[in-house]
>>> print(open('target03.txt').read())   # compact mmCIF, C-alpha atoms
# COMPACT_ATOMS: atom_id res chain seq x y z
CA MET A 9 -8.02 15.09 -19.77
CA ARG A 10 -10.10 13.03 -22.20
CA VAL A 11 -9.08 9.37 -22.17
CA ASN A 12 -10.40 5.89 -22.71
CA LEU A 13 -10.82 4.80 -19.09
CA ILE A 14 -10.90 1.02 -18.64
CA MET A 15 -11.56 -0.55 -15.26
CA TRP A 16 -10.58 -4.19 -14.94
CA GLU A 17 -11.25 -7.00 -12.50
CA ASP A 18 -8.73 -9.80 -12.14
CA ILE A 19 -8.87 -13.38 -10.89
CA LEU A 20 -9.33 -12.26 -7.28
CA TRP A 21 -12.89 -11.02 -7.89
CA ASN A 22 -14.19 -14.15 -6.17
CA ASN A 23 -12.46 -13.11 -2.92
CA PHE A 24 -15.20 -10.51 -2.52
CA TYR A 25 -18.02 -13.07 -2.26
CA PRO A 26 -20.98 -12.66 -2.01
CA LEU A 27 -20.96 -9.01 -3.16
CA THR A 28 -19.34 -9.75 -6.53
CA LEU A 29 -21.98 -12.31 -7.46
CA THR A 30 -24.09 -9.42 -8.74
CA ARG A 31 -21.51 -6.80 -9.80
CA PRO A 32 -17.93 -6.41 -11.00
CA VAL A 33 -15.39 -5.81 -8.25
CA PHE A 34 -14.94 -2.17 -9.32
CA ASP A 35 -18.58 -1.45 -8.42
CA LEU A 36 -17.92 -2.16 -4.74
CA ARG A 37 -18.03 0.89 -2.49
CA VAL A 38 -15.24 2.07 -0.17
CA GLY A 39 -14.84 5.56 1.24
CA PHE A 40 -17.60 7.64 -0.35
CA TYR A 41 -17.42 6.17 -3.87
CA THR A 42 -17.29 2.88 -5.68
CA PHE A 43 -13.92 2.20 -7.31
CA ARG A 44 -15.42 3.08 -10.69
CA GLU A 45 -17.09 6.27 -9.44
CA ARG A 46 -13.79 7.43 -7.93
CA ALA A 47 -11.92 6.82 -11.19
CA LYS A 48 -14.59 8.86 -12.98
CA ARG A 49 -14.03 11.75 -10.57
CA TYR A 50 -10.35 11.74 -11.56
CA PHE A 51 -11.23 11.60 -15.29
CA PRO A 52 -14.67 13.24 -15.61
CA ASP A 53 -14.50 13.51 -19.43
CA SER A 54 -13.50 9.89 -20.00
CA VAL A 55 -14.94 7.31 -22.37
CA ASP A 56 -15.80 4.51 -19.92
CA ALA A 57 -15.03 0.84 -20.55
CA ALA A 58 -14.56 -2.38 -18.59
CA ILE A 59 -12.64 -5.64 -18.61
CA CYS A 60 -14.76 -8.07 -16.62
CA ARG A 61 -16.32 -11.53 -16.54
CA ASP A 62 -18.50 -12.41 -19.51
CA GLU A 63 -21.59 -12.68 -17.28
CA MET A 64 -21.23 -8.98 -16.43
CA PHE A 65 -21.11 -7.77 -20.05
CA ASP A 66 -24.84 -7.12 -20.44
CA LEU A 67 -24.97 -5.35 -17.06
CA MET A 68 -22.14 -3.04 -18.11
CA GLN A 69 -23.74 -2.28 -21.46
CA GLU A 70 -27.03 -1.40 -19.74
CA GLN A 71 -25.07 1.17 -17.74
CA GLY A 72 -23.40 2.63 -20.82
CA ILE A 73 -20.02 1.00 -20.12
CA ILE A 74 -18.15 -0.20 -23.22
CA VAL A 75 -17.01 -3.85 -23.29
CA ASP A 76 -16.06 -3.93 -27.00
CA ALA A 77 -12.61 -2.50 -27.78
CA ASP A 78 -13.69 -1.49 -31.28
CA GLN A 79 -15.97 1.15 -29.76
CA LEU A 80 -13.09 3.02 -28.12
CA SER A 81 -11.43 5.96 -29.82
CA PRO A 82 -7.83 5.43 -31.05
CA SER A 83 -7.29 9.20 -31.11
CA ILE A 84 -7.11 9.67 -27.32
CA PRO A 85 -4.88 8.08 -24.65
CA THR A 86 -5.99 4.93 -22.87
CA ILE A 87 -5.73 4.38 -19.12
CA LEU A 88 -6.49 1.04 -17.49
CA MET A 89 -7.03 0.85 -13.72
CA CYS A 90 -7.29 -2.15 -11.41
CA GLY A 91 -10.81 -2.38 -10.05
CA ARG A 92 -9.77 -3.38 -6.52
CA THR A 93 -7.13 -0.68 -5.94
CA TYR A 94 -7.71 2.52 -3.99
CA PHE A 95 -5.95 5.33 -5.85
CA ASP A 96 -5.33 8.49 -3.86
CA ILE A 97 -4.51 11.86 -5.38
CA ARG A 98 -0.74 11.32 -5.14
CA SER A 99 -0.83 8.07 -7.09
CA MET A 100 -3.10 9.67 -9.68
CA LYS A 101 -0.59 12.46 -10.31
CA TYR A 102 1.92 9.87 -11.54
CA ILE A 103 -0.64 8.25 -13.84
CA LYS A 104 -1.86 11.57 -15.23
CA SER A 105 1.69 12.71 -15.95
CA ALA A 106 2.61 9.64 -18.06
CA ARG A 107 3.35 10.24 -21.73
CA THR A 108 4.86 6.90 -22.84
CA PRO A 109 3.55 3.34 -22.42
CA THR A 110 3.85 2.62 -18.71
CA VAL A 111 2.76 -0.02 -16.23
CA PHE A 112 2.24 1.30 -12.72
CA VAL A 113 3.00 -1.17 -9.94
CA SER A 114 2.13 -1.46 -6.27
CA GLU A 115 2.93 -4.42 -4.00
CA ASN A 116 4.45 -6.25 -6.98
CA ILE A 117 1.33 -6.27 -9.13
CA PRO A 118 0.26 -3.99 -12.00
CA ILE A 119 -2.46 -1.59 -10.88
CA ALA A 120 -2.64 0.83 -13.82
CA LEU A 121 -1.49 1.13 -17.43
CA PHE A 122 -1.04 4.17 -19.67
CA PHE A 123 -0.93 4.11 -23.48
CA PRO A 124 -0.71 7.25 -25.65
CA ALA A 125 -3.12 7.87 -28.49
CA GLY A 126 -2.58 5.51 -31.39
CA ASP A 127 -0.89 2.81 -29.29
CA ASP A 128 -3.33 -0.10 -29.20
CA ARG A 129 -1.12 -2.77 -27.65
CA TRP A 130 -3.45 -2.83 -24.66
CA ARG A 131 -6.08 -4.51 -26.87
CA LYS A 132 -4.61 -7.96 -26.36
CA PHE A 133 -5.60 -7.64 -22.70
CA PHE A 134 -9.09 -6.31 -23.39
CA GLY A 135 -12.12 -8.55 -22.89
CA ARG A 136 -10.29 -10.93 -20.53
CA THR A 137 -9.79 -11.02 -16.80
CA PHE A 138 -6.18 -10.45 -15.85
CA ASP A 139 -4.25 -13.40 -14.43
CA ALA A 140 -0.70 -13.95 -13.18
CA LYS A 141 0.57 -14.91 -16.63
CA LEU A 142 -0.70 -11.69 -18.18
CA TYR A 143 0.78 -9.71 -15.31
CA ARG A 144 4.22 -11.18 -16.05
CA LYS A 145 3.87 -10.24 -19.72
CA LEU A 146 3.10 -6.66 -18.74
CA PHE A 147 6.30 -6.45 -16.71
CA GLU A 148 8.27 -7.82 -19.65
CA SER A 149 6.69 -5.51 -22.24
CA PHE A 150 6.58 -2.02 -20.72
CA ASP A 151 8.49 0.31 -18.42
CA ALA A 152 7.36 -0.10 -14.81
CA VAL A 153 6.91 2.67 -12.27
CA GLU A 154 6.34 1.93 -8.58
CA ILE A 155 3.62 4.05 -6.95
CA THR A 156 1.89 3.94 -3.59
CA ALA A 157 -1.69 2.69 -3.65
CA VAL A 158 -3.76 0.26 -1.58
CA ASN A 159 -4.66 -3.08 -3.15
CA LEU A 160 -7.63 -4.85 -1.60
CA ASN A 161 -7.35 -8.63 -1.79
CA LEU A 162 -10.20 -9.88 0.43
CA ILE A 163 -13.66 -8.56 1.21
CA TRP A 164 -13.02 -7.79 4.88
CA GLU A 165 -10.07 -5.58 3.88
CA LEU A 166 -12.62 -3.11 2.46
CA MET A 167 -14.16 -2.72 5.89
CA VAL A 168 -10.79 -2.61 7.70
CA ASN A 169 -9.42 0.19 5.47
CA ASN A 170 -12.65 2.15 5.10
CA PRO A 171 -11.93 4.83 7.74
CA ASP A 172 -8.74 5.81 5.89
CA PHE A 173 -10.58 5.79 2.55
CA ILE A 174 -13.33 8.06 3.88
CA GLU A 175 -10.67 10.50 5.04
CA GLY A 176 -8.85 10.22 1.71
CA ASP A 177 -12.02 10.94 -0.28
CA PHE A 178 -12.90 13.86 1.99
CA ASN A 179 -9.49 15.48 1.57
CA THR A 180 -9.41 14.89 -2.19
CA PHE A 181 -12.96 15.65 -3.30
CA PHE A 182 -14.82 17.45 -0.51
CA ARG A 183 -12.57 19.50 1.80
CA ARG A 184 -12.20 22.41 -0.61
CA ASN A 185 -15.97 22.42 -1.09
CA VAL A 186 -16.89 22.56 2.59
CA ILE A 187 -19.24 25.49 3.07
CA LYS A 188 -20.99 26.90 6.05
CA PHE A 189 -24.43 25.34 5.96
CA THR A 190 -27.58 26.26 7.76
CA SER A 191 -28.88 23.51 10.02
CA GLU A 192 -31.45 23.59 12.77
CA PRO A 193 -29.77 25.83 15.39
CA ARG A 194 -30.19 23.22 18.10
CA ALA A 195 -28.18 20.64 16.17
CA VAL A 196 -24.68 20.05 17.56
CA LEU A 197 -21.67 20.09 15.23
CA TYR A 198 -18.21 19.25 16.48
CA ASN A 199 -15.37 20.39 14.19
CA PRO A 200 -17.63 21.65 11.37
CA ASP A 201 -14.63 22.33 9.11
CA ASP A 202 -14.45 18.55 8.61
CA ILE A 203 -18.15 18.15 7.79
CA TYR A 204 -19.36 18.24 4.19
CA VAL A 205 -23.08 18.53 3.60
CA GLY A 206 -24.57 18.33 0.11
CA GLN A 207 -27.52 20.23 -1.27
CA SER A 208 -30.97 19.89 0.29
CA VAL A 209 -29.75 18.03 3.39
CA LYS A 210 -31.93 18.28 6.50
CA ILE A 211 -30.32 18.14 9.94
CA ASP A 212 -32.92 18.24 12.69
CA ALA A 213 -32.76 19.60 16.23
CA TYR A 214 -30.66 17.65 18.72
CA ALA A 215 -28.81 15.69 16.04
CA VAL A 216 -25.09 15.41 16.79
CA LEU A 217 -22.40 15.38 14.08
CA ASP A 218 -19.01 14.72 15.66
CA ALA A 219 -16.05 15.12 13.28
CA ARG A 220 -13.35 15.42 15.92
CA GLU A 221 -11.87 11.99 15.12
CA GLY A 222 -12.58 11.97 11.38
CA PRO A 223 -14.55 13.74 8.65
CA ILE A 224 -18.24 13.35 7.89
CA ILE A 225 -19.60 13.43 4.34
CA ILE A 226 -23.37 13.67 3.85
CA GLY A 227 -24.64 13.35 0.29
CA LYS A 228 -27.37 15.56 -1.10
CA ASN A 229 -31.05 15.07 -0.24
CA SER A 230 -30.21 13.18 2.96
CA HIS A 231 -32.03 13.61 6.27
CA ILE A 232 -30.54 13.33 9.76
CA HIS A 233 -33.37 13.07 12.28
CA SER A 234 -33.51 14.43 15.83
CA GLY A 235 -31.38 12.64 18.38
CA ALA A 236 -29.21 10.85 15.83
CA VAL A 237 -25.49 10.76 16.58
CA ILE A 238 -22.90 10.47 13.79
CA ILE A 239 -19.25 9.99 14.76
CA GLY A 240 -16.72 10.35 11.94
CA PRO A 241 -15.17 9.19 9.81
CA VAL A 242 -18.53 8.50 8.14
CA ALA A 243 -19.74 8.83 4.53
CA LEU A 244 -23.47 8.82 3.80
CA GLY A 245 -24.63 8.57 0.20
CA GLU A 246 -27.25 10.62 -1.55
CA GLY A 247 -30.77 10.35 -0.16
CA THR A 248 -29.78 8.47 3.01
CA ILE A 249 -32.09 8.80 6.02
CA VAL A 250 -30.73 8.44 9.55
CA MET A 251 -33.56 7.65 11.93
CA PRO A 252 -34.20 9.32 15.31
CA TYR A 253 -31.70 8.32 18.00
CA ALA A 254 -29.62 6.21 15.62
CA ARG A 255 -25.92 5.87 16.43
CA ILE A 256 -23.77 5.87 13.30
CA ARG A 257 -20.21 5.23 14.37
CA GLU A 258 -16.79 5.59 12.81
CA GLY A 259 -15.88 3.73 9.64
CA THR A 260 -19.42 3.56 8.25
CA THR A 261 -20.31 4.18 4.60
CA THR A 262 -23.61 4.01 2.79
CA GLY A 263 -24.36 4.21 -0.87
CA PRO A 264 -27.48 6.03 -2.10
CA GLN A 265 -30.89 5.85 -0.47
CA CYS A 266 -30.16 3.78 2.62
CA ARG A 267 -32.16 3.89 5.84
CA LEU A 268 -30.20 3.61 9.09
CA GLY A 269 -31.52 3.11 12.61
CA GLY A 270 -30.24 1.58 15.83
CA GLU A 271 -26.46 1.22 16.00
CA VAL A 272 -24.12 0.86 13.03
CA GLU A 273 -20.33 0.69 13.31
CA ALA A 274 -17.58 0.28 10.70
CA THR A 275 -19.99 -1.10 8.11
CA ILE A 276 -20.35 -0.48 4.37
CA PHE A 277 -23.78 -0.57 2.73
CA ASN A 278 -23.33 -0.62 -1.04
CA GLY A 279 -26.69 1.15 -1.48
CA TYR A 280 -30.51 1.00 -1.29
CA SER A 281 -30.57 -1.10 1.90
CA ASN A 282 -32.66 -0.73 5.06
CA LYS A 283 -31.55 -1.06 8.65
CA TYR A 284 -34.51 0.95 9.85
CA HIS A 285 -34.95 -0.35 13.40
CA ASP A 286 -33.04 -0.95 16.61
CA GLY A 287 -30.32 -3.58 16.57
CA PHE A 288 -26.59 -3.59 15.84
CA ILE A 289 -24.66 -4.13 12.61
CA GLY A 290 -20.89 -3.81 12.90
CA HIS A 291 -17.67 -4.41 10.94
CA SER A 292 -19.65 -5.75 8.01
CA TYR A 293 -20.24 -5.32 4.29
CA ILE A 294 -23.85 -5.26 3.13
CA GLY A 295 -25.04 -5.41 -0.48
CA GLU A 296 -27.98 -3.64 -2.09
CA TRP A 297 -31.72 -4.08 -1.48
CA VAL A 298 -31.07 -5.80 1.87
CA ASN A 299 -33.58 -5.40 4.71
CA PHE A 300 -32.90 -5.98 8.41
CA GLY A 301 -35.97 -6.65 10.56
CA ALA A 302 -36.30 -5.04 13.98
CA LEU A 303 -33.64 -6.04 16.53
CA THR A 304 -31.57 -7.95 13.96
CA THR A 305 -28.03 -7.94 15.35
CA ASN A 306 -24.67 -9.33 14.36
CA SER A 307 -21.63 -10.21 16.43
CA ASP A 308 -18.29 -8.75 15.37
CA LEU A 309 -16.13 -10.00 18.25
CA LYS A 310 -15.65 -13.46 19.77
CA ASN A 311 -15.86 -13.90 23.53
CA ASN A 312 -12.22 -14.98 23.64
CA TYR A 313 -11.08 -12.11 21.33
CA SER A 314 -9.40 -14.56 18.95
CA PRO A 315 -9.13 -13.95 15.15
CA ILE A 316 -12.38 -14.55 13.31
CA LYS A 317 -12.91 -17.12 10.56
CA VAL A 318 -15.20 -16.12 7.70
CA ALA A 319 -17.46 -18.80 6.22
CA MET A 320 -16.91 -19.01 2.46
CA PRO A 321 -18.44 -21.49 -0.02
CA GLU A 322 -15.17 -23.41 -0.13
CA GLY A 323 -14.79 -23.44 3.65
CA PRO A 324 -13.70 -21.20 6.56
CA TYR A 325 -11.05 -18.52 5.98
CA LEU A 326 -9.00 -17.18 8.89
CA THR A 327 -8.96 -13.39 8.62
CA GLY A 328 -6.30 -12.55 11.20
CA TYR A 329 -8.60 -9.85 12.59
CA SER A 330 -10.46 -10.01 15.90
CA LYS A 331 -13.27 -7.69 14.74
CA VAL A 332 -15.13 -8.97 11.69
CA GLY A 333 -18.89 -8.99 11.24
CA ILE A 334 -20.99 -10.33 8.37
CA PHE A 335 -21.08 -10.22 4.56
CA VAL A 336 -24.49 -10.10 2.90
CA GLY A 337 -25.44 -10.38 -0.77
CA ASP A 338 -28.08 -8.34 -2.59
CA HIS A 339 -31.85 -8.79 -2.12
CA THR A 340 -31.52 -10.65 1.20
CA LYS A 341 -34.12 -10.15 3.95
CA PHE A 342 -33.82 -10.82 7.69
CA GLY A 343 -36.90 -11.23 9.87
CA ILE A 344 -37.24 -9.63 13.31
CA GLY A 345 -34.95 -10.86 16.04
CA THR A 346 -32.37 -12.44 13.75
CA LEU A 347 -28.96 -13.03 15.33
CA ILE A 348 -25.91 -13.44 13.10
CA SER A 349 -22.54 -14.75 14.27
CA SER A 350 -19.26 -13.00 13.49
CA GLY A 351 -17.72 -14.20 10.24
CA SER A 352 -21.05 -15.22 8.69
CA THR A 353 -21.78 -14.92 4.98
CA VAL A 354 -25.28 -14.78 3.55
CA GLY A 355 -25.77 -15.13 -0.18
CA VAL A 356 -28.01 -13.34 -2.65
CA GLY A 357 -31.81 -13.48 -2.32
CA VAL A 358 -31.99 -15.18 1.09
CA ASN A 359 -35.20 -14.82 3.10
CA PHE A 360 -34.66 -15.80 6.76
CA TYR A 361 -37.43 -15.34 9.32
CA GLY A 362 -38.51 -16.59 12.72
CA GLY A 363 -35.60 -15.23 14.73
CA GLY A 364 -32.74 -17.13 16.28
CA THR A 365 -29.12 -17.46 15.24
CA MET A 366 -28.47 -18.01 11.54
CA PRO A 367 -25.98 -20.59 10.29
CA LYS A 368 -22.56 -19.11 9.53
CA TYR A 369 -22.90 -19.92 5.82
CA THR A 370 -26.20 -19.54 3.97
CA PRO A 371 -26.14 -20.03 0.18
CA SER A 372 -28.10 -17.87 -2.23
CA PHE A 373 -31.90 -18.16 -2.54
CA ILE A 374 -32.66 -20.02 0.69
CA TRP A 375 -36.12 -19.44 2.16
CA GLY A 376 -37.30 -20.37 5.65
CA SER A 377 -36.66 -20.59 9.36
CA PHE A 378 -35.57 -23.14 11.93
CA GLN A 379 -39.19 -23.56 13.01
CA ASP A 380 -40.66 -24.13 9.54
CA GLY A 381 -37.58 -25.57 7.90
CA PHE A 382 -35.69 -24.35 4.85
CA THR A 383 -36.36 -24.74 1.16
CA HIS A 384 -35.28 -23.45 -2.23
CA TYR A 385 -36.61 -19.91 -2.69
CA ASP A 386 -38.89 -20.06 -5.72
CA LEU A 387 -37.11 -17.98 -8.36
CA ASP A 388 -40.20 -16.32 -9.81
CA LYS A 389 -41.34 -15.24 -6.33
CA ALA A 390 -37.86 -13.95 -5.50
CA LEU A 391 -37.72 -11.88 -8.69
CA GLU A 392 -41.23 -10.56 -8.05
CA THR A 393 -40.20 -9.40 -4.57
CA ALA A 394 -37.02 -7.82 -5.93
CA SER A 395 -39.08 -5.86 -8.46
CA VAL A 396 -41.53 -4.64 -5.81
CA VAL A 397 -38.73 -3.53 -3.49
CA MET A 398 -36.83 -1.70 -6.22
CA LYS A 399 -39.94 0.20 -7.34
CA ARG A 400 -40.15 1.64 -3.82
CA ARG A 401 -36.94 3.51 -4.69
CA ASN A 402 -38.10 4.31 -8.24
CA LYS A 403 -35.80 1.66 -9.71
CA GLU A 404 -36.56 -1.27 -11.98
CA LEU A 405 -35.08 -4.77 -12.13
CA THR A 406 -33.37 -4.65 -15.51
CA LYS A 407 -33.05 -7.45 -18.02
CA ALA A 408 -29.35 -7.93 -17.25
CA GLN A 409 -29.92 -7.92 -13.47
CA ASN A 410 -32.72 -10.45 -13.92
CA ALA A 411 -30.39 -12.71 -15.94
CA ILE A 412 -27.63 -12.49 -13.32
CA LEU A 413 -30.03 -13.44 -10.51
CA ARG A 414 -31.26 -16.41 -12.55
CA LYS A 415 -27.68 -17.62 -13.05
CA ILE A 416 -26.93 -17.31 -9.34
CA HIS A 417 -30.10 -19.25 -8.48
CA SER A 418 -29.06 -22.07 -10.82
CA PHE A 419 -25.41 -22.12 -9.79
CA PHE A 420 -26.13 -22.56 -6.06
CA ALA A 421 -28.81 -25.26 -6.44
CA ASP A 422 -26.54 -28.03 -5.08
CA ASP A 423 -25.34 -25.76 -2.27
CA ARG A 424 -28.95 -25.13 -1.25
CA THR A 425 -29.82 -28.82 -1.30
CA ASN A 426 -26.86 -29.57 0.95
CA PHE A 427 -27.80 -26.71 3.28
CA ILE A 428 -31.39 -27.91 3.57
CA PHE A 429 -30.23 -31.46 4.33
CA HIS A 430 -27.98 -30.26 7.17
CA HIS A 431 -30.60 -27.91 8.69
CA PRO A 432 -33.80 -29.95 9.04
CA LYS A 433 -36.95 -28.54 10.60
CA LYS A 434 -36.77 -28.43 14.39
>>> encode(input="target03.txt", output="structure tokens")
Amino acid sequence: MRVNLIMWEDILWNNFYPLTLTRPVFDLRVGFYTFRERAKRYFPDSVDAAICRDEMFDLMQEQGIIVDADQLSPSIPTILMCGRTYFDIRSMKYIKSARTPTVFVSENIPIALFFPAGDDRWRKFFGRTFDAKLYRKLFESFDAVEITAVNLNLIWELMVNNPDFIEGDFNTFFRRNVIKFTSEPRAVLYNPDDIYVGQSVKIDAYAVLDAREGPIIIGKNSHIHSGAVIIGPVALGEGTIVMPYARIREGTTTGPQCRLGGEVEATIFNGYSNKYHDGFIGHSYIGEWVNFGALTTNSDLKNNYSPIKVAMPEGPYLTGYSKVGIFVGDHTKFGIGTLISSGSTVGVGVNFYGGGTMPKYTPSFIWGSFQDGFTHYDLDKALETASVVMKRRNKELTKAQNAILRKIHSFFADDRTNFIFHHPKK
């Protein structure tokens, strides 16, 4: 079905800090895919467009995503999908079967819109982020159909729901494609019918893949080393390497080209990040191009088992959950022996070294340690490091990505000054 496929982000994009500093909300990963990648799987022949913040326009255009309504074809239907909603195959059947202008609703908010070819009334919503006022107008203007889908409102909800999303993606996109694969005969596979392995995957002797409690998806060109244990549900993106004797536990997702060692539980890595060494990361969401030094570990449970508060720029936010880890923006680096408290947030481009326990809130582009003190991370040096790191994965820091990082550096200047004042050299 060829359609104009428009992903939108609404006013809640900021609830996914710090990950949405560098990307639209629909480029966050849950299950095996990002929200946008999953929509593309449902509509593989679509013309792809976005409604997002102005500062993301250049980034979208670099990726071939249309942000100008005039570039979309009026001769094919148009489907708009909320960028923070998980659509399963049942909800998609309703959307695909629509023939008249329809707003699809879940939990009292619009999550998708359908317009037949030639009906351009959606254009008055294009190029703007959706807000409550626009939502009310949608209800007043078009027939509404209630469907079942999962709306994600806060960043930790991605991590909480991820095991179900991995299972949903496996059943929808991978189960029918499960084939008997040839691994090293001394590898151990529990419930292989729930294990999907892509092309050119290496599984070494004495690796254990345990899908008894949930499926395992391993993207192509990945490598599972000897002694590694993977307990589903788990989804590993293309080119991921699991190091010897790593323990990858249920609820974990990686995007492409991640490196995993030590112990990881219920954590999402958006892509291209390294947790190469021993240490524990759990119940967390990690951005791209993040590096964890050896023995870096986070807490995801308080000693008194009480609900965890997450440190946000505007102040602490009570999650209501007793197991919540950390949230880390892109291009952040942790030195060896770093300890991170449950509910901590670390912004974009932070470089923390020297070990010890980090503050619960660290704004973007902080450089330093408790021993040497903290300072503003020089922007040119930060961008140089980002370029070097990305080239190691055959990627380049694009013009739009460079501009976004510069804006983030400028925006958090006062936050950094305040942070430095409250954390003097010891």
>>> closest_atom_pairs(input="target03.txt", of="segment 162-255 of chain A", to="segment 36-49 of chain A", cutoff="12 Å", atoms="all atoms listed in the file", output="Markdown table")
| residue | atom | partner | partner_atom | distance |
| --- | --- | --- | --- | --- |
| A:Ile163 | CA | A:Leu36 | CA | 9.7 |
| A:Trp164 | CA | A:Val38 | CA | 11.3 |
| A:Glu165 | CA | A:Val38 | CA | 10.1 |
| A:Leu166 | CA | A:Val38 | CA | 6.4 |
| A:Met167 | CA | A:Val38 | CA | 7.8 |
| A:Val168 | CA | A:Val38 | CA | 10.2 |
| A:Asn169 | CA | A:Val38 | CA | 8.3 |
| A:Asn170 | CA | A:Gly39 | CA | 5.6 |
| A:Pro171 | CA | A:Gly39 | CA | 7.2 |
| A:Asp172 | CA | A:Gly39 | CA | 7.7 |
| A:Phe173 | CA | A:Gly39 | CA | 4.5 |
| A:Ile174 | CA | A:Gly39 | CA | 3.9 |
| A:Glu175 | CA | A:Gly39 | CA | 7.5 |
| A:Gly176 | CA | A:Gly39 | CA | 7.6 |
| A:Asp177 | CA | A:Gly39 | CA | 6.3 |
| A:Phe178 | CA | A:Phe40 | CA | 8.1 |
| A:Asn179 | CA | A:Gly39 | CA | 11.3 |
| A:Thr180 | CA | A:Arg49 | CA | 10.1 |
| A:Phe181 | CA | A:Arg49 | CA | 8.3 |
| A:Phe182 | CA | A:Phe40 | CA | 10.2 |
| A:Tyr204 | CA | A:Phe40 | CA | 11.7 |
| A:Pro223 | CA | A:Gly39 | CA | 11.0 |
| A:Ile224 | CA | A:Phe40 | CA | 10.0 |
| A:Ile225 | CA | A:Phe40 | CA | 7.7 |
| A:Ile226 | CA | A:Phe40 | CA | 9.3 |
| A:Gly227 | CA | A:Phe40 | CA | 9.1 |
| A:Gly240 | CA | A:Gly39 | CA | 11.9 |
| A:Pro241 | CA | A:Gly39 | CA | 9.3 |
| A:Val242 | CA | A:Gly39 | CA | 8.4 |
| A:Ala243 | CA | A:Phe40 | CA | 5.5 |
| A:Leu244 | CA | A:Phe40 | CA | 7.3 |
| A:Gly245 | CA | A:Phe40 | CA | 7.1 |
| A:Glu246 | CA | A:Phe40 | CA | 10.2 |
>>> closest_atom_pairs(input="target03.txt", of="segment 43-154 of chain A", to="segment 413-433 of chain A", cutoff="12 Å", atoms="only C-alpha atoms", output="Markdown table")
| residue | atom | partner | partner_atom | distance |
| --- | --- | --- | --- | --- |
| A:Glu63 | CA | A:Lys415 | CA | 8.9 |
| A:Met64 | CA | A:Lys415 | CA | 11.3 |
| A:Leu67 | CA | A:Leu413 | CA | 11.6 |
>>> write_last_selection(input="target03.txt", atoms="C-alpha atoms", output="PDB file, in the frame of the given file")
ATOM      1  CA  GLU A  63     -21.590 -12.680 -17.280  1.00  0.00           C
ATOM      2  CA  MET A  64     -21.230  -8.980 -16.430  1.00  0.00           C
ATOM      3  CA  LEU A  67     -24.970  -5.350 -17.060  1.00  0.00           C
TER       4      LEU A  67
END
>>> residues_around(input="target03.txt", residues="Lys210 of chain A", least_positions_apart="3", cutoff="9 Å", atoms="all atoms listed in the file", output="list in words")
Ser191, Glu192, Asn229, Ser230, His231, Ile232 and His233 of chain A
>>> write_last_selection(input="target03.txt", atoms="C-alpha atoms", output="PDB file, in the frame of the given file")
ATOM      1  CA  SER A 191     -28.880  23.510  10.020  1.00  0.00           C
ATOM      2  CA  GLU A 192     -31.450  23.590  12.770  1.00  0.00           C
ATOM      3  CA  ASN A 229     -31.050  15.070  -0.240  1.00  0.00           C
ATOM      4  CA  SER A 230     -30.210  13.180   2.960  1.00  0.00           C
ATOM      5  CA  HIS A 231     -32.030  13.610   6.270  1.00  0.00           C
ATOM      6  CA  ILE A 232     -30.540  13.330   9.760  1.00  0.00           C
ATOM      7  CA  HIS A 233     -33.370  13.070  12.280  1.00  0.00           C
TER       8      HIS A 233
END
>>> atom_distance(input="target03.txt", atom1="atom CA of Val356 of chain A", atom2="atom CA of Lys283 of chain A")
17.1 Å
>>> closest_residue(input="target03.txt", among="A:Lys389, A:Arg257, A:Lys399, A:His384", to="Tyr280 of chain A", atoms="all atoms listed in the file")
A:Lys399
>>> residues_around(input="target03.txt", residues="segment 118-132 of chain A", least_positions_apart="2", cutoff="6 Å", atoms="only C-alpha atoms", output="ChimeraX atom specification")
/A:82-90,109-113,134
>>> closest_residue(input="target03.txt", among="A:Pro26, A:Pro193, A:Pro324, A:Gly269", to="Val237 of chain A", atoms="only C-alpha atoms")
A:Gly269
>>> atom_distance(input="target03.txt", atom1="atom CA of Glu221 of chain A", atom2="atom CA of Val196 of chain A")
15.3 Å
>>> closest_atom_pairs(input="target03.txt", of="segment 321-355 of chain A", to="segment 294-297 of chain A", cutoff="8 Å", atoms="all atoms listed in the file", output="CSV")
residue,atom,partner,partner_atom,distance
A:Ile334,CA,A:Ile294,CA,7.8
A:Phe335,CA,A:Ile294,CA,5.9
A:Val336,CA,A:Ile294,CA,4.9
A:Gly337,CA,A:Gly295,CA,5.0
A:Asp338,CA,A:Gly295,CA,4.7
A:His339,CA,A:Trp297,CA,4.8
A:Thr340,CA,A:Trp297,CA,7.1
>>> residues_around(input="target03.txt", residues="Val298 of chain A", least_positions_apart="4", cutoff="12 Å", atoms="only C-alpha atoms", output="ChimeraX atom specification")
/A:27,265-268,277-284,293-294,335-343,354-360,393-394,397-398
>>> atom_distance(input="target03.txt", atom1="atom CA of Asp380 of chain A", atom2="atom CA of Gly333 of chain A")
26.6 Å
>>> closest_residue(input="target03.txt", among="A:Gly222, A:Gly259, A:Gly323, A:Gly72", to="His291 of chain A", atoms="only C-alpha atoms")
A:Gly259
>>> closest_residue(input="target03.txt", among="A:Thr346, A:Ser352, A:Ser395, A:Asn306", to="Ser377 of chain A", atoms="all atoms listed in the file")
A:Thr346
>>> residues_around(input="target03.txt", residues="Glu115 of chain A", least_positions_apart="5", cutoff="10 Å", atoms="all atoms listed in the file", output="number ranges by chain")
A: 154-159
>>> residues_around(input="target03.txt", residues="Gly364 of chain A", least_positions_apart="3", cutoff="8 Å", atoms="all atoms listed in the file", output="JSON, numbers by chain")
{"A": [345, 346, 347, 378]}
>>> closest_residue(input="target03.txt", among="A:Lys368, A:Arg183, A:Arg220, A:Arg144", to="Val205 of chain A", atoms="all atoms listed in the file")
A:Arg183
